[in-house]
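Here is the file coords.cif (mmCIF, C-alpha atoms).
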data_run
loop_
_atom_site.label_atom_id
_atom_site.label_comp_id
_atom_site.auth_asym_id
_atom_site.auth_seq_id
_atom_site.Cartn_x
_atom_site.Cartn_y
_atom_site.Cartn_z
CA MET A 1 -76.00 -207.53 -2.98
CA LYS A 2 -74.99 -204.20 -1.64
CA ASN A 3 -75.89 -201.31 -3.90
CA ASN A 4 -73.19 -198.69 -4.22
CA LYS A 5 -74.88 -196.47 -6.77
CA LYS A 6 -77.19 -193.52 -6.43
CA LEU A 7 -79.64 -192.22 -9.04
CA VAL A 8 -79.16 -188.46 -9.39
CA ILE A 9 -81.32 -185.95 -11.27
CA ASN A 10 -80.24 -182.47 -12.31
CA THR A 11 -83.66 -180.90 -12.82
CA ALA A 12 -82.20 -177.66 -14.15
CA TRP A 13 -80.84 -179.45 -17.24
CA CYS A 14 -83.92 -181.61 -17.93
CA LYS A 15 -85.91 -180.57 -21.04
CA GLY A 16 -88.68 -183.12 -20.47
CA CYS A 17 -88.23 -185.14 -23.69
CA GLY A 18 -89.34 -188.37 -21.98
CA ILE A 19 -86.59 -190.63 -23.38
CA CYS A 20 -85.41 -191.79 -19.93
CA SER A 21 -88.83 -192.92 -18.73
CA ALA A 22 -89.73 -194.54 -22.09
CA PHE A 23 -86.64 -196.78 -22.10
CA CYS A 24 -86.49 -197.47 -18.36
CA PRO A 25 -87.09 -201.23 -18.03
CA LYS A 26 -88.62 -200.89 -14.54
CA GLN A 27 -90.87 -197.82 -14.80
CA VAL A 28 -88.87 -195.96 -12.18
CA LEU A 29 -89.25 -192.57 -13.83
CA GLU A 30 -92.04 -190.27 -14.86
CA VAL A 31 -91.74 -187.21 -17.06
CA LYS A 32 -94.37 -184.50 -17.02
CA ALA A 33 -92.69 -181.13 -17.38
CA LYS A 34 -89.47 -182.54 -15.91
CA VAL A 35 -88.24 -185.97 -14.91
CA LYS A 36 -89.22 -187.33 -11.49
CA ILE A 37 -88.40 -190.56 -9.65
CA VAL A 38 -91.68 -192.33 -8.86
CA ASN A 39 -90.54 -195.80 -7.85
CA LEU A 40 -86.95 -195.89 -6.64
CA ASP A 41 -87.37 -199.33 -5.05
CA ALA A 42 -87.78 -200.88 -8.50
CA CYS A 43 -84.55 -199.33 -9.85
CA ILE A 44 -81.94 -201.87 -10.91
CA TYR A 45 -79.27 -199.21 -11.59
CA CYS A 46 -78.78 -200.39 -15.18
CA GLY A 47 -77.93 -196.91 -16.49
CA GLN A 48 -80.24 -197.03 -19.54
CA CYS A 49 -81.56 -193.58 -18.58
CA GLU A 50 -78.08 -192.08 -18.22
CA MET A 51 -76.80 -193.34 -21.56
CA ARG A 52 -79.77 -192.01 -23.55
CA CYS A 53 -80.44 -188.72 -21.74
CA PRO A 54 -79.51 -186.11 -24.37
CA ASP A 55 -79.17 -183.44 -21.69
CA TYR A 56 -77.07 -185.29 -19.08
CA ALA A 57 -79.78 -184.55 -16.52
CA ILE A 58 -79.91 -188.05 -15.01
CA TYR A 59 -77.01 -190.27 -14.00
CA LEU A 60 -75.72 -192.90 -11.61
CA GLU A 61 -73.25 -191.72 -9.04
CA ASP A 62 -70.74 -194.03 -7.41
CA THR A 63 -71.10 -193.95 -3.65
CA ASN A 64 -68.19 -196.31 -3.05
CA ASN A 65 -66.06 -193.74 -1.29
CA ASP A 66 -68.74 -192.76 1.18
CA ALA A 67 -68.56 -194.11 4.69
CA MET B 1 -73.94 -181.00 -10.96
CA ALA B 2 -73.13 -183.68 -13.47
CA SER B 3 -71.72 -187.16 -13.81
CA LYS B 4 -67.96 -187.70 -13.68
CA LEU B 5 -67.83 -188.24 -17.44
CA ILE B 6 -69.62 -184.98 -18.23
CA ASP B 7 -67.62 -183.16 -15.58
CA LYS B 8 -64.35 -184.26 -17.18
CA TYR B 9 -65.12 -183.88 -20.89
CA MET B 10 -67.67 -181.05 -21.15
CA ARG B 11 -67.45 -177.32 -20.58
CA GLU B 12 -70.15 -177.29 -17.96
CA ASP B 13 -70.54 -173.52 -17.92
CA HIS B 14 -71.91 -173.85 -21.48
CA LEU B 15 -74.50 -176.48 -20.47
CA PRO B 16 -77.41 -177.12 -20.83
CA HIS B 17 -76.80 -177.11 -24.58
CA ILE B 18 -78.99 -175.31 -27.13
CA TRP B 19 -80.19 -178.51 -28.81
CA CYS B 20 -83.96 -179.10 -28.76
CA PRO B 21 -85.68 -181.41 -26.25
CA GLY B 22 -85.13 -185.00 -27.39
CA CYS B 23 -82.41 -184.11 -29.92
CA GLY B 24 -80.16 -187.11 -30.53
CA HIS B 25 -77.03 -184.98 -30.74
CA GLY B 26 -76.72 -184.94 -26.94
CA ILE B 27 -76.66 -188.75 -26.86
CA LEU B 28 -74.07 -188.88 -29.64
CA MET B 29 -71.87 -186.23 -28.02
CA ARG B 30 -71.80 -188.29 -24.82
CA ASN B 31 -70.87 -191.36 -26.91
CA VAL B 32 -67.84 -189.50 -28.29
CA ALA B 33 -66.75 -188.52 -24.76
CA LYS B 34 -67.28 -192.06 -23.50
CA ALA B 35 -65.29 -193.58 -26.39
CA ILE B 36 -62.35 -191.25 -25.73
CA ASP B 37 -62.59 -192.02 -22.00
CA ASN B 38 -62.62 -195.78 -22.64
CA LEU B 39 -59.51 -195.49 -24.81
CA GLY B 40 -57.74 -193.52 -22.08
CA ILE B 41 -56.41 -190.92 -24.52
CA ASN B 42 -54.83 -187.81 -22.98
CA GLN B 43 -57.50 -185.09 -23.19
CA GLU B 44 -54.88 -182.48 -24.13
CA LYS B 45 -53.86 -184.56 -27.15
CA VAL B 46 -57.33 -184.60 -28.73
CA CYS B 47 -58.19 -181.95 -31.30
CA LEU B 48 -61.88 -181.70 -32.09
CA VAL B 49 -62.80 -179.87 -35.29
CA SER B 50 -66.29 -178.95 -36.45
CA GLY B 51 -67.91 -176.91 -39.21
CA ILE B 52 -71.33 -175.26 -39.08
CA GLY B 53 -74.71 -176.63 -38.07
CA CYS B 54 -76.43 -178.11 -35.06
CA ALA B 55 -73.88 -180.94 -34.75
CA ALA B 56 -70.97 -178.53 -35.10
CA ARG B 57 -71.93 -176.91 -31.80
CA ALA B 58 -70.39 -179.95 -30.10
CA ALA B 59 -66.93 -178.40 -30.47
CA GLY B 60 -68.04 -175.61 -28.18
CA TYR B 61 -69.38 -177.93 -25.49
CA MET B 62 -66.59 -180.49 -25.39
CA ASP B 63 -63.47 -179.78 -23.35
CA PHE B 64 -60.61 -180.69 -25.70
CA GLN B 65 -58.46 -178.66 -28.06
CA THR B 66 -61.31 -177.46 -30.25
CA MET B 67 -61.85 -175.58 -33.50
CA HIS B 68 -65.21 -174.34 -34.77
CA THR B 69 -64.58 -173.64 -38.45
CA THR B 70 -66.43 -172.69 -41.67
CA HIS B 71 -69.35 -174.55 -43.22
CA GLY B 72 -68.36 -177.88 -44.74
CA ARG B 73 -64.63 -177.27 -44.31
CA ALA B 74 -64.01 -179.04 -41.00
CA ILE B 75 -62.11 -181.85 -42.75
CA ALA B 76 -59.88 -179.34 -44.56
CA PHE B 77 -58.96 -177.66 -41.25
CA ALA B 78 -58.50 -181.07 -39.61
CA THR B 79 -56.16 -182.14 -42.41
CA GLY B 80 -54.02 -179.06 -41.72
CA VAL B 81 -53.89 -179.81 -38.00
CA LYS B 82 -52.99 -183.46 -38.60
CA MET B 83 -50.22 -182.58 -41.08
CA ALA B 84 -48.67 -180.08 -38.66
CA ARG B 85 -49.12 -182.26 -35.57
CA PRO B 86 -49.44 -185.95 -36.48
CA ASP B 87 -49.13 -186.78 -32.76
CA LEU B 88 -52.58 -185.30 -32.06
CA GLU B 89 -55.75 -187.36 -32.21
CA VAL B 90 -57.81 -185.35 -34.69
CA ILE B 91 -61.58 -185.86 -34.60
CA VAL B 92 -64.18 -184.13 -36.78
CA ILE B 93 -67.81 -183.82 -35.69
CA ALA B 94 -70.18 -182.83 -38.50
CA GLY B 95 -73.80 -182.96 -39.52
CA ASP B 96 -75.09 -184.69 -42.66
CA GLY B 97 -75.53 -181.45 -44.62
CA ASP B 98 -72.17 -180.11 -43.48
CA ILE B 99 -70.24 -183.23 -44.45
CA ALA B 100 -72.13 -184.58 -47.48
CA ALA B 101 -73.42 -181.45 -49.24
CA ILE B 102 -71.30 -178.38 -48.55
CA GLY B 103 -68.28 -180.44 -47.57
CA GLY B 104 -68.91 -183.41 -49.84
CA ASN B 105 -65.82 -182.77 -51.93
CA HIS B 106 -63.56 -182.52 -48.86
CA LEU B 107 -65.05 -185.76 -47.56
CA ILE B 108 -64.37 -187.89 -50.63
CA HIS B 109 -60.86 -186.56 -51.16
CA ALA B 110 -59.83 -186.93 -47.51
CA ALA B 111 -61.18 -190.48 -47.66
CA ARG B 112 -59.20 -191.14 -50.85
CA ARG B 113 -56.08 -189.69 -49.22
CA ASN B 114 -56.62 -191.92 -46.17
CA ILE B 115 -55.30 -189.37 -43.69
CA ASN B 116 -55.49 -190.52 -40.06
CA ILE B 117 -58.48 -188.50 -38.83
CA THR B 118 -61.79 -189.73 -37.43
CA VAL B 119 -65.02 -188.23 -38.72
CA ILE B 120 -68.16 -188.69 -36.64
CA VAL B 121 -71.33 -187.74 -38.50
CA PHE B 122 -74.40 -186.70 -36.47
CA ASN B 123 -76.79 -187.67 -39.26
CA ASN B 124 -80.32 -186.42 -38.55
CA ASP B 125 -81.58 -186.46 -42.18
CA ILE B 126 -82.31 -182.72 -42.28
CA TYR B 127 -80.88 -179.21 -41.88
CA GLY B 128 -82.04 -178.46 -38.34
CA MET B 129 -80.39 -175.14 -37.53
CA THR B 130 -81.65 -173.30 -40.62
CA GLY B 131 -85.23 -174.50 -40.37
CA GLY B 132 -85.77 -178.00 -41.74
CA GLN B 133 -84.59 -177.96 -45.37
CA TYR B 134 -84.03 -181.39 -46.91
CA SER B 135 -80.44 -182.62 -46.80
CA PRO B 136 -78.45 -185.15 -48.87
CA THR B 137 -79.58 -187.91 -46.50
CA THR B 138 -83.32 -187.12 -46.41
CA PRO B 139 -85.08 -190.28 -47.67
CA THR B 140 -86.95 -190.06 -51.00
CA GLY B 141 -90.52 -188.88 -50.54
CA ASP B 142 -89.95 -187.37 -47.10
CA TYR B 143 -90.86 -183.78 -46.36
CA GLY B 144 -88.83 -180.70 -45.53
CA THR B 145 -89.50 -176.96 -45.70
CA THR B 146 -87.88 -177.00 -49.17
CA ALA B 147 -89.68 -180.22 -50.15
CA PRO B 148 -93.34 -179.44 -49.39
CA TYR B 149 -94.50 -182.16 -51.84
CA GLY B 150 -91.87 -184.72 -50.84
CA ASN B 151 -88.17 -185.03 -51.61
CA LEU B 152 -87.45 -186.21 -55.16
CA ASP B 153 -83.77 -187.07 -54.64
CA ARG B 154 -82.42 -190.39 -53.47
CA PRO B 155 -80.43 -190.16 -50.24
CA PHE B 156 -76.70 -190.64 -49.84
CA ASP B 157 -75.53 -193.47 -47.61
CA ILE B 158 -72.59 -191.56 -46.09
CA GLY B 159 -70.90 -194.72 -44.77
CA LEU B 160 -70.95 -196.41 -48.18
CA LEU B 161 -69.90 -193.16 -49.87
CA ALA B 162 -66.80 -192.85 -47.67
CA ALA B 163 -65.90 -196.51 -48.13
CA ALA B 164 -66.28 -196.22 -51.91
CA ALA B 165 -64.12 -193.08 -51.90
CA GLY B 166 -61.32 -195.03 -50.20
CA ALA B 167 -61.79 -194.56 -46.44
CA SER B 168 -60.08 -197.44 -44.71
CA TYR B 169 -62.68 -197.53 -41.91
CA SER B 170 -66.39 -196.90 -42.21
CA ALA B 171 -69.21 -197.82 -39.86
CA LYS B 172 -72.80 -197.05 -39.02
CA GLY B 173 -74.19 -196.41 -35.54
CA THR B 174 -77.37 -194.94 -34.06
CA CYS B 175 -78.62 -192.90 -31.12
CA TYR B 176 -80.55 -195.86 -29.73
CA HIS B 177 -77.72 -198.43 -29.80
CA VAL B 178 -75.45 -196.63 -27.34
CA PRO B 179 -72.87 -199.30 -26.32
CA GLN B 180 -72.52 -200.54 -29.91
CA THR B 181 -72.02 -197.02 -31.26
CA ILE B 182 -69.44 -196.21 -28.56
CA LYS B 183 -67.49 -199.33 -29.61
CA LEU B 184 -67.65 -198.33 -33.29
CA ILE B 185 -66.34 -194.85 -32.43
CA GLU B 186 -63.54 -196.38 -30.30
CA ASP B 187 -62.49 -198.65 -33.17
CA GLY B 188 -62.61 -195.69 -35.55
CA ILE B 189 -60.34 -193.59 -33.33
CA LYS B 190 -57.90 -196.49 -32.86
CA HIS B 191 -57.86 -197.21 -36.58
CA LYS B 192 -54.86 -195.91 -38.53
CA GLY B 193 -56.25 -194.11 -41.56
CA PHE B 194 -59.40 -192.21 -42.47
CA ALA B 195 -62.28 -193.41 -40.30
CA LEU B 196 -65.90 -192.37 -40.64
CA ILE B 197 -68.72 -193.31 -38.27
CA ASP B 198 -72.14 -192.39 -39.63
CA CYS B 199 -74.41 -192.09 -36.58
CA LEU B 200 -78.13 -191.95 -37.28
CA GLY B 201 -79.56 -189.09 -35.26
CA VAL B 202 -82.97 -187.97 -34.14
CA CYS B 203 -84.43 -184.55 -35.02
CA PRO B 204 -87.92 -184.46 -33.50
CA THR B 205 -88.33 -180.71 -34.04
CA TYR B 206 -87.98 -180.67 -37.84
CA TYR B 207 -87.60 -184.11 -39.38
CA GLY B 208 -90.00 -185.77 -36.93
CA ARG B 209 -92.63 -183.02 -37.12
CA LYS B 210 -92.48 -182.53 -40.91
CA ASN B 211 -92.81 -186.26 -41.52
CA LYS B 212 -95.28 -187.11 -38.75
CA LYS B 213 -92.78 -189.51 -37.24
CA GLY B 214 -93.68 -188.62 -33.67
CA GLY B 215 -91.40 -187.35 -30.94
CA ALA B 216 -87.94 -188.45 -29.84
CA VAL B 217 -89.23 -191.60 -28.13
CA GLU B 218 -91.08 -192.82 -31.25
CA MET B 219 -88.08 -192.03 -33.45
CA LEU B 220 -85.68 -193.89 -31.15
CA THR B 221 -88.08 -196.85 -31.00
CA ARG B 222 -88.07 -196.95 -34.80
CA GLN B 223 -84.25 -197.09 -34.76
CA LYS B 224 -84.46 -199.95 -32.28
CA GLU B 225 -86.82 -201.87 -34.57
CA ASN B 226 -85.22 -201.08 -37.94
CA MET B 227 -81.54 -201.61 -37.22
CA ILE B 228 -80.06 -205.08 -37.56
CA THR B 229 -76.53 -206.46 -37.69
CA ALA B 230 -74.96 -207.76 -40.91
CA GLU B 231 -75.29 -211.34 -39.63
CA GLN B 232 -79.01 -210.87 -39.00
CA ALA B 233 -79.45 -209.24 -42.42
CA TYR B 234 -77.77 -212.19 -44.11
CA LYS B 235 -80.39 -214.54 -42.69
CA LEU B 236 -83.37 -212.40 -43.79
CA PRO B 237 -85.12 -212.80 -47.16
CA ILE B 238 -84.24 -209.92 -49.54
CA HIS B 239 -87.68 -208.26 -49.51
CA GLU B 240 -87.54 -207.98 -45.69
CA ARG B 241 -83.94 -206.78 -45.72
CA GLU B 242 -84.77 -203.71 -47.83
CA SER B 243 -86.64 -201.95 -45.05
CA LYS B 244 -83.83 -202.51 -42.53
CA VAL B 245 -80.69 -200.51 -41.84
CA ILE B 246 -77.51 -202.42 -41.13
CA LEU B 247 -75.61 -201.44 -37.99
CA GLY B 248 -71.87 -201.98 -37.67
CA LYS B 249 -68.75 -201.89 -39.78
CA ILE B 250 -68.95 -201.29 -43.51
CA ALA B 251 -65.21 -201.30 -44.24
CA GLU B 252 -62.04 -201.94 -42.25
CA ASN B 253 -58.86 -202.08 -44.31
CA ASP B 254 -55.15 -201.54 -43.92
CA PHE B 255 -54.27 -198.91 -46.55
CA PRO B 256 -51.13 -196.68 -46.51
CA GLU B 257 -51.72 -193.66 -44.25
CA PHE B 258 -51.04 -190.18 -45.65
CA THR B 259 -48.97 -188.52 -42.88
CA GLU B 260 -46.73 -191.60 -42.62
CA GLU B 261 -46.17 -191.71 -46.38
CA TYR B 262 -45.42 -187.97 -46.32
CA GLN B 263 -42.85 -188.45 -43.55
CA LYS B 264 -41.18 -191.18 -45.61
CA ILE B 265 -40.59 -188.70 -48.44
CA ILE B 266 -39.12 -186.17 -46.01
CA ASP B 267 -36.80 -188.82 -44.52
CA ARG B 268 -35.70 -189.99 -47.98
CA LEU B 269 -34.90 -186.47 -49.20
CA VAL B 270 -33.04 -185.58 -46.00
CA LYS B 271 -30.93 -188.70 -46.41
CA GLN B 272 -30.27 -188.02 -50.10
CA ASN B 273 -29.28 -184.40 -49.66
CA GLY B 274 -27.38 -184.85 -46.41
#
This structure in C-alpha cells:
Amino acid sequence: MKNNKKLVINTAWCKGCGICSAFCPKQVLEVKAKVKIVNLDACIYCGQCEMRCPDYAIYLEDTNNDA
Amino acid sequence: MASKLIDKYMREDHLPHIWCPGCGHGILMRNVAKAIDNLGINQEKVCLVSGIGCAARAAGYMDFQTMHTTHGRAIAFATGVKMARPDLEVIVIAGDGDIAAIGGNHLIHAARRNINITVIVFNNDIYGMTGGQYSPTTPTGDYGTTAPYGNLDRPFDIGLLAAAAGASYSAKGTCYHVPQTIKLIEDGIKHKGFALIDCLGVCPTYYGRKNKKGGAVEMLTRQKENMITAEQAYKLPIHERESKVILGKIAENDFPEFTEEYQKIIDRLVKQNG
C-alpha cells in the first residue's frame, strides 16, 4: 500500500502536554519539552494524535498532489 | 503552518491560543470546526456567539461571523441574531459556568422556546479563567478555590437540564471520544430547533490539580474508561451504572421551531390586513 500522508509537527505551537504520545497506538512520538518523532517507521497514519492535539501542533498532510 | 482544517476555520494569526497545556478546549474547538466542515456549510453563513470565560475565547480564534458578548448572555445575543437573520446558522460556544450559572435563565428559556440555535458547552467542571472556583457542574465533594473543604452542592447535568426545559435536541460528548462528539455536534447543527451538546472537558490546571486527578492524559484516560453508550448502560447492573457517564443523545424531538412559528404570524397578519 502506497502511503500518501506525511506526519507534520509545528513545534512552535506545541505546549508539551503529552496527549499525542499517550494515545499513539504505536509509540511513534515522545514528548519531553516538546513533541518529537522517535519511530516514524511504526507510524500507521491513523490520525489519533491530530484529533486530540489541543494545540493543532501535529497533523497529517496529504501528499497526493506531489509528484 | 497548520493543517488544512485549521487553516480554513481558524484565525491563525491569533494562534497558538491562550489555553493551558493539555486544556480540552482546543480539542473541542477543532471538533466544532470539523463538524461544520463535514456538513459543508458556507463559512460566511455561520454566526458564532460566545459569552465570557475560557471557552468563550473560541469566538476569537474561529474564522466565522463571530460575536464575543457579555457573561452568560451569549444565548440572548444569539436569539437576536437568529430572529433578524433566520438564514444564518447560529452557534453558541459557552463554558459550564457561563451557560448554567450566570446564563442559566437564558438557557432554560431558550430551550423552552425551541429557537433554532446550537449550543456547544465546553464543560470543564470549574471556573478556569478566574482561578478555579467551583461551578454548577463541579461534582459533590470535589475541591475548588471557593470549596477548600469540598463542594457541598450537587452538580447540574446540563444535557438533562436542557432536555427537561424543552430543548428538542440534547446530547453529551467528551474530549476523548472525538469522532463520536463530532457526529453529535453535526446532528445538533442539522437539527431544527434548540440543540445543546454538553461536551465534557479537561481542565488540568485547576480542576485536575485541585482534585489530584493528574494531568491531561490521566483525565482523558478517565473519560475513556467512564463513558459508556446507552446500550452498554442498559446491560450493566444498576450499582455499576452509577459510576458511569452516558455518552450520546439524551433527547431528539420534533417540536415547533420559534422563528418558523413567528414567520407564520407575520404571514397571517399580512394576509389579513392586505
Under the PyMOL selection byres ((chain B) within 10 of (chain A)), which residues of this model are included? Write them out as a PDB file with C-alpha atoms, in the frame of the given file.
ATOM      1  CA  MET B   1     -73.940-181.000 -10.960  1.00  0.00           C
ATOM      2  CA  ALA B   2     -73.130-183.680 -13.470  1.00  0.00           C
ATOM      3  CA  SER B   3     -71.720-187.160 -13.810  1.00  0.00           C
ATOM      4  CA  LYS B   4     -67.960-187.700 -13.680  1.00  0.00           C
ATOM      5  CA  LEU B   5     -67.830-188.240 -17.440  1.00  0.00           C
ATOM      6  CA  ILE B   6     -69.620-184.980 -18.230  1.00  0.00           C
ATOM      7  CA  LEU B  15     -74.500-176.480 -20.470  1.00  0.00           C
ATOM      8  CA  PRO B  16     -77.410-177.120 -20.830  1.00  0.00           C
ATOM      9  CA  HIS B  17     -76.800-177.110 -24.580  1.00  0.00           C
ATOM     10  CA  ILE B  18     -78.990-175.310 -27.130  1.00  0.00           C
ATOM     11  CA  TRP B  19     -80.190-178.510 -28.810  1.00  0.00           C
ATOM     12  CA  CYS B  20     -83.960-179.100 -28.760  1.00  0.00           C
ATOM     13  CA  PRO B  21     -85.680-181.410 -26.250  1.00  0.00           C
ATOM     14  CA  GLY B  22     -85.130-185.000 -27.390  1.00  0.00           C
ATOM     15  CA  CYS B  23     -82.410-184.110 -29.920  1.00  0.00           C
ATOM     16  CA  GLY B  24     -80.160-187.110 -30.530  1.00  0.00           C
ATOM     17  CA  HIS B  25     -77.030-184.980 -30.740  1.00  0.00           C
ATOM     18  CA  GLY B  26     -76.720-184.940 -26.940  1.00  0.00           C
ATOM     19  CA  ILE B  27     -76.660-188.750 -26.860  1.00  0.00           C
ATOM     20  CA  LEU B  28     -74.070-188.880 -29.640  1.00  0.00           C
ATOM     21  CA  MET B  29     -71.870-186.230 -28.020  1.00  0.00           C
ATOM     22  CA  ARG B  30     -71.800-188.290 -24.820  1.00  0.00           C
ATOM     23  CA  ASN B  31     -70.870-191.360 -26.910  1.00  0.00           C
ATOM     24  CA  LYS B  34     -67.280-192.060 -23.500  1.00  0.00           C
ATOM     25  CA  CYS B 175     -78.620-192.900 -31.120  1.00  0.00           C
ATOM     26  CA  TYR B 176     -80.550-195.860 -29.730  1.00  0.00           C
ATOM     27  CA  HIS B 177     -77.720-198.430 -29.800  1.00  0.00           C
ATOM     28  CA  VAL B 178     -75.450-196.630 -27.340  1.00  0.00           C
ATOM     29  CA  PRO B 179     -72.870-199.300 -26.320  1.00  0.00           C
ATOM     30  CA  PRO B 204     -87.920-184.460 -33.500  1.00  0.00           C
ATOM     31  CA  GLY B 215     -91.400-187.350 -30.940  1.00  0.00           C
ATOM     32  CA  ALA B 216     -87.940-188.450 -29.840  1.00  0.00           C
ATOM     33  CA  VAL B 217     -89.230-191.600 -28.130  1.00  0.00           C
ATOM     34  CA  GLU B 218     -91.080-192.820 -31.250  1.00  0.00           C
ATOM     35  CA  LEU B 220     -85.680-193.890 -31.150  1.00  0.00           C
ATOM     36  CA  THR B 221     -88.080-196.850 -31.000  1.00  0.00           C
TER      37      THR B 221
END
Starting from the PyMOL selection byres ((chain B and resi 261) around 12), expand the selection into actual residues of this file and give them as JSON, numbers by chain. {"B": [83, 86, 113, 114, 115, 116, 193, 255, 256, 257, 258, 259, 260, 262, 263, 264, 265, 266, 267, 268]}
So how far away is CA of Asn123 (chain B) from CA of Asp96 (chain B), in Å? 4.8 Å
Show me the residues close to (-53.0, -186.4, -28.8) - anything with an atom within 9 Å, counting all atoms listed in the file - and format the list as a list in words.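 Neighbouring residues, ordered by chain and number, come to Ile41, Asn42, Gln43, Glu44, Lys45, Val46, Cys47, Arg85, Pro86, Asp87, Leu88, Glu89 and Val90 of chain B.
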Go through the shown structure with the PyMOL selection byres ((chain B and resi 10) around 6) and write out the matching residues as a list in words. Ile6, Asp7, Tyr9, Arg11, Glu12, Tyr61, Met62 and Asp63 of chain B
Could you tell me which of B:Lys244, B:Lys271, B:Lys249, B:His191 comes closest to Gly159 (chain B) if we count all atoms listed in the file? B:Lys249
Residues within 7 Å of Thr229 (chain B), all atoms listed in the file, excluding chain neighbours under 3 positions, as a VMD selection string: chain B and resid 232 to 233 246 to 248
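Candidate residues B:Asp142, B:Ala56, B:Thr66, B:Glu252 were compared for distance to Lys213 (chain B), and the nearest is B:Asp142, using all atoms listed in the file.
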Within 12 Å of (-79.5, -211.6, -46.9) (file coordinates; all atoms listed in the file), which protein or nucleic acid residues are there? I'd like them as a ChimeraX atom specification. /B:228-242,244,246
Given the choices B:Ser243, B:Asn211, B:Ser50, B:Ile102, which gets closest to Pro148 (chain B) if the distance is worked out from all atoms listed in the file?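 Smallest separation from Pro148 (chain B) among the options: B:Asn211.
Computed from the coordinates, the CA of Asn124 (chain B) to CA of Lys36 (chain A) distance equals 28.5 Å.
Coordinates place CA of Ala94 (chain B) at a distance of 5.6 Å from CA of Ala55 (chain B).
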Given all atoms listed in the file as the basis, pick out the residue of A:Pro25, A:Asn64, A:Tyr45, A:Val31 nearest to Leu7 (chain A).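 Of the candidates, the smallest distance to Leu7 (chain A) is held by A:Tyr45.
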Near-Thr118 (chain B) list (6 Å; only C-alpha atoms; drop same-chain fewer than 4 positions) as a PyMOL selection string: chain B and resi 91+189+195-196
